[in-house]
Amino acid sequence: MREQMQSLSWRDVARIRQRWRGPFLLKGLLNLEDLHRALDSGVDGVILGSHGGRQADWAISALDLLPQARAIVGDRFALMMSGGIRRGTDMLKALALGADAVLAGRAPLYGLCAAGAAGATRALELLLEEALDQMGQLGAIDRADLTPRLLVSRQQGFRPPTTAG
C-alpha cells in the first residue's frame with residue numbers, strides 16, 4: 001500500500017510553486033512546524049486535515065489544531081479545514097476557531113452515493129440549514145460573529161456566567 005502513496009518534500013513544493021502561478025493550496029497538514037514551512041514556501045494556503053483519519057486515527061484533529069494554526073499563520077494566507085465535518089455545527093466550530101473555509105466532502109459524497117446529484121445537493125442543503133439555524137440560536141448575524149467565545153472546550157469545562165451581586 002505504501003507504494004501507492006507518494007510523499008512530497010518541501011523542495012517539491014518549491015518546484016511546483018516556481019512552475020505554477022495559479023492558486024496553490026497544500027492539503028493534509030497536521031504539524032505546526034509544517035505550517036511555518038508552508039508560510040515560507042509561497043503557497044496560497046493550507047488545508048488542515050488527516051484525510052478522514054485514514055492515515056492515523058489517533059492523530060490530533062484539524063479542529064483541535066485550528067487555534068494554534070491561526071496564531072501561526074495570522075492573515076498571511078488562507079487557512080482551511082477538512083475532515084470531521086458531519087453537521088452544520090461542525091462547520092461553525094471550525095469557523096469560530098479560525099478557519100477561513102471548511103471542506104465538507106464526506107456528506108455530499110454520501111448523498112451522491114445514495115441519490116446521485118440530487119442527494120449531494122440535499123446533503124449540502126442540510127449542512128447549510130443546520131448551520132444557519134444554529135447561528136440564529138447563537139445570535140450570530142454573520143461570519144464575524146463566530147468566535148471562540150461561543151465555544152467551551154472539554155478542558156475548560158462549563159462555568160456558568162457569574163452574576164453581579
# chains A, B, ... in the order shown; residues from 1 in each chain; ligands from 1
$ closest_atom_pairs --of "segment 39-115 of chain A" --to "segment 133-146 of chain A" --cutoff "12 Å" --atoms "only C-alpha atoms" --output "tab-separated table"
residue	atom	partner	partner_atom	distance
A:Arg87	CA	A:Gln134	CA	10.6
A:Gly88	CA	A:Gln134	CA	8.1
A:Thr89	CA	A:Gln134	CA	6.8
A:Asp90	CA	A:Gln134	CA	10.6
A:Met91	CA	A:Leu146	CA	10.5
A:Leu92	CA	A:Leu146	CA	7.0
A:Lys93	CA	A:Leu146	CA	8.0
A:Ala94	CA	A:Leu146	CA	9.2
A:Leu95	CA	A:Leu146	CA	6.5
A:Ala96	CA	A:Leu146	CA	4.5
A:Leu97	CA	A:Leu146	CA	8.1
A:Gly98	CA	A:Leu146	CA	9.0
A:Ala99	CA	A:Leu146	CA	10.4
A:Asp100	CA	A:Arg143	CA	9.7
A:Ala101	CA	A:Arg143	CA	10.7
$ write_last_selection --atoms "all heavy atoms" --output "CSV table (one decimal), in the first residue's frame"
chain,number,residue,atom,x,y,z
A,87,ARG,N,-21.9,17.7,10.6
A,87,ARG,CA,-23.0,18.5,10.9
A,87,ARG,C,-22.7,20.0,10.5
A,87,ARG,O,-21.5,20.4,10.5
A,87,ARG,CB,-23.5,18.5,12.3
A,87,ARG,CG,-23.8,17.1,12.8
A,87,ARG,CD,-24.2,17.3,14.4
A,87,ARG,NE,-24.0,16.0,15.0
A,87,ARG,CZ,-22.9,15.5,15.4
A,87,ARG,NH1,-21.8,16.2,15.4
A,87,ARG,NH2,-22.8,14.3,16.0
A,88,GLY,N,-23.7,20.8,10.4
A,88,GLY,CA,-23.5,22.2,10.1
A,88,GLY,C,-22.8,22.8,11.3
A,88,GLY,O,-22.1,23.8,11.2
A,89,THR,N,-23.1,22.3,12.5
A,89,THR,CA,-22.4,22.9,13.7
A,89,THR,C,-20.9,22.6,13.7
A,89,THR,O,-20.2,23.4,14.2
A,89,THR,CB,-23.1,22.3,15.0
A,89,THR,OG1,-23.0,20.9,14.9
A,89,THR,CG2,-24.5,22.8,15.2
A,90,ASP,N,-20.5,21.6,13.1
A,90,ASP,CA,-19.1,21.3,12.9
A,90,ASP,C,-18.4,22.4,12.1
A,90,ASP,O,-17.3,22.8,12.4
A,90,ASP,CB,-18.8,19.9,12.3
A,90,ASP,CG,-19.2,18.8,13.2
A,90,ASP,OD1,-19.2,18.9,14.4
A,90,ASP,OD2,-19.6,17.7,12.6
A,91,MET,N,-19.1,22.8,11.1
A,91,MET,CA,-18.6,23.9,10.2
A,91,MET,C,-18.5,25.2,11.1
A,91,MET,O,-17.5,25.9,11.0
A,91,MET,CB,-19.5,24.2,9.0
A,91,MET,CG,-19.5,23.0,8.1
A,91,MET,SD,-20.4,23.2,6.5
A,91,MET,CE,-22.0,23.9,7.0
A,92,LEU,N,-19.5,25.5,11.9
A,92,LEU,CA,-19.5,26.7,12.7
A,92,LEU,C,-18.3,26.7,13.7
A,92,LEU,O,-17.6,27.7,13.9
A,92,LEU,CB,-20.8,26.9,13.4
A,92,LEU,CG,-22.0,27.0,12.6
A,92,LEU,CD1,-23.2,27.3,13.5
A,92,LEU,CD2,-21.9,28.2,11.6
A,93,LYS,N,-18.1,25.5,14.3
A,93,LYS,CA,-16.9,25.4,15.2
A,93,LYS,C,-15.6,25.7,14.5
A,93,LYS,O,-14.8,26.4,15.1
A,93,LYS,CB,-16.9,24.0,15.8
A,93,LYS,CG,-18.0,23.6,16.7
A,93,LYS,CD,-17.8,22.1,17.1
A,93,LYS,CE,-19.2,21.5,17.4
A,93,LYS,NZ,-19.1,20.1,17.6
A,94,ALA,N,-15.4,25.2,13.3
A,94,ALA,CA,-14.2,25.4,12.6
A,94,ALA,C,-14.1,26.9,12.2
A,94,ALA,O,-13.0,27.4,12.4
A,94,ALA,CB,-14.2,24.6,11.3
A,95,LEU,N,-15.1,27.5,11.8
A,95,LEU,CA,-15.0,28.9,11.5
A,95,LEU,C,-14.8,29.8,12.8
A,95,LEU,O,-14.0,30.7,12.7
A,95,LEU,CB,-16.3,29.4,10.8
A,95,LEU,CG,-16.6,28.8,9.4
A,95,LEU,CD1,-18.0,29.1,9.0
A,95,LEU,CD2,-15.6,29.3,8.4
A,96,ALA,N,-15.4,29.4,13.9
A,96,ALA,CA,-15.2,30.1,15.1
A,96,ALA,C,-13.7,30.0,15.6
A,96,ALA,O,-13.2,30.9,16.3
A,96,ALA,CB,-16.1,29.6,16.2
A,97,LEU,N,-13.1,28.8,15.3
A,97,LEU,CA,-11.7,28.6,15.8
A,97,LEU,C,-10.7,29.1,14.8
A,97,LEU,O,-9.5,29.0,15.1
A,97,LEU,CB,-11.5,27.1,16.0
A,97,LEU,CG,-12.3,26.6,17.3
A,97,LEU,CD1,-12.2,25.1,17.3
A,97,LEU,CD2,-11.8,27.2,18.5
A,98,GLY,N,-11.1,29.7,13.7
A,98,GLY,CA,-10.1,30.4,12.8
A,98,GLY,C,-10.0,29.9,11.4
A,98,GLY,O,-9.2,30.5,10.6
A,99,ALA,N,-10.8,29.0,11.0
A,99,ALA,CA,-10.8,28.6,9.6
A,99,ALA,C,-11.4,29.6,8.7
A,99,ALA,O,-12.4,30.3,9.1
A,99,ALA,CB,-11.6,27.3,9.4
A,100,ASP,N,-10.8,29.9,7.6
A,100,ASP,CA,-11.3,30.8,6.6
A,100,ASP,C,-12.4,30.1,5.8
A,100,ASP,O,-13.3,30.7,5.2
A,100,ASP,CB,-10.2,31.3,5.6
A,100,ASP,CG,-9.2,32.1,6.3
A,100,ASP,OD1,-9.6,33.1,7.0
A,100,ASP,OD2,-8.0,31.9,6.1
A,101,ALA,N,-12.3,28.8,5.6
A,101,ALA,CA,-13.2,27.9,4.9
A,101,ALA,C,-13.2,26.5,5.4
A,101,ALA,O,-12.2,26.1,6.0
A,101,ALA,CB,-12.9,28.0,3.4
$ closest_atom_pairs --of "segment 75-118 of chain A" --to "segment 33-38 of chain A" --cutoff "12 Å" --atoms "only C-alpha atoms" --output "CSV"
residue,atom,partner,partner_atom,distance
A:Arg76,CA,A:Ala38,CA,10.7
A:Phe77,CA,A:Ala38,CA,9.6
A:Ala78,CA,A:Ala38,CA,11.2
A:Leu79,CA,A:Leu35,CA,9.9
$ write_last_selection --atoms "N, CA and C atoms" --output "CSV table (one decimal), in the first residue's frame"
chain,number,residue,atom,x,y,z
A,76,ARG,N,-1.7,35.8,6.9
A,76,ARG,CA,-0.7,35.8,5.7
A,76,ARG,C,-1.2,34.9,4.6
A,77,PHE,N,-2.0,33.8,4.9
A,77,PHE,CA,-2.6,33.1,3.8
A,77,PHE,C,-3.8,32.3,4.3
A,78,ALA,N,-4.5,31.7,3.4
A,78,ALA,CA,-5.8,31.1,3.7
A,78,ALA,C,-5.5,29.8,4.6
A,79,LEU,N,-6.4,29.7,5.6
A,79,LEU,CA,-6.3,28.5,6.4
A,79,LEU,C,-7.7,27.8,6.4
$ atom_distance --atom1 "atom CA of Gly83 of chain A" --atom2 "atom CA of Ser50 of chain A"
6.8 Å
$ atom_distance --atom1 "atom CA of Leu128 of chain A" --atom2 "atom CA of Trp58 of chain A"
28.9 Å
$ select_by_dssp --residues "segment 42-126 of chain A" --states "helix (DSSP H, G or I)" --output "number ranges by chain"
A: 62-73, 88-96, 106-126
$ atom_distance --atom1 "atom CA of Met80 of chain A" --atom2 "atom CA of Leu103 of chain A"
7.4 Å
$ select_by_dssp --residues "chain A" --states "strand (DSSP E)" --output "PyMOL selection string"
chain A and resi 25-29+45-48+78-82+101-103
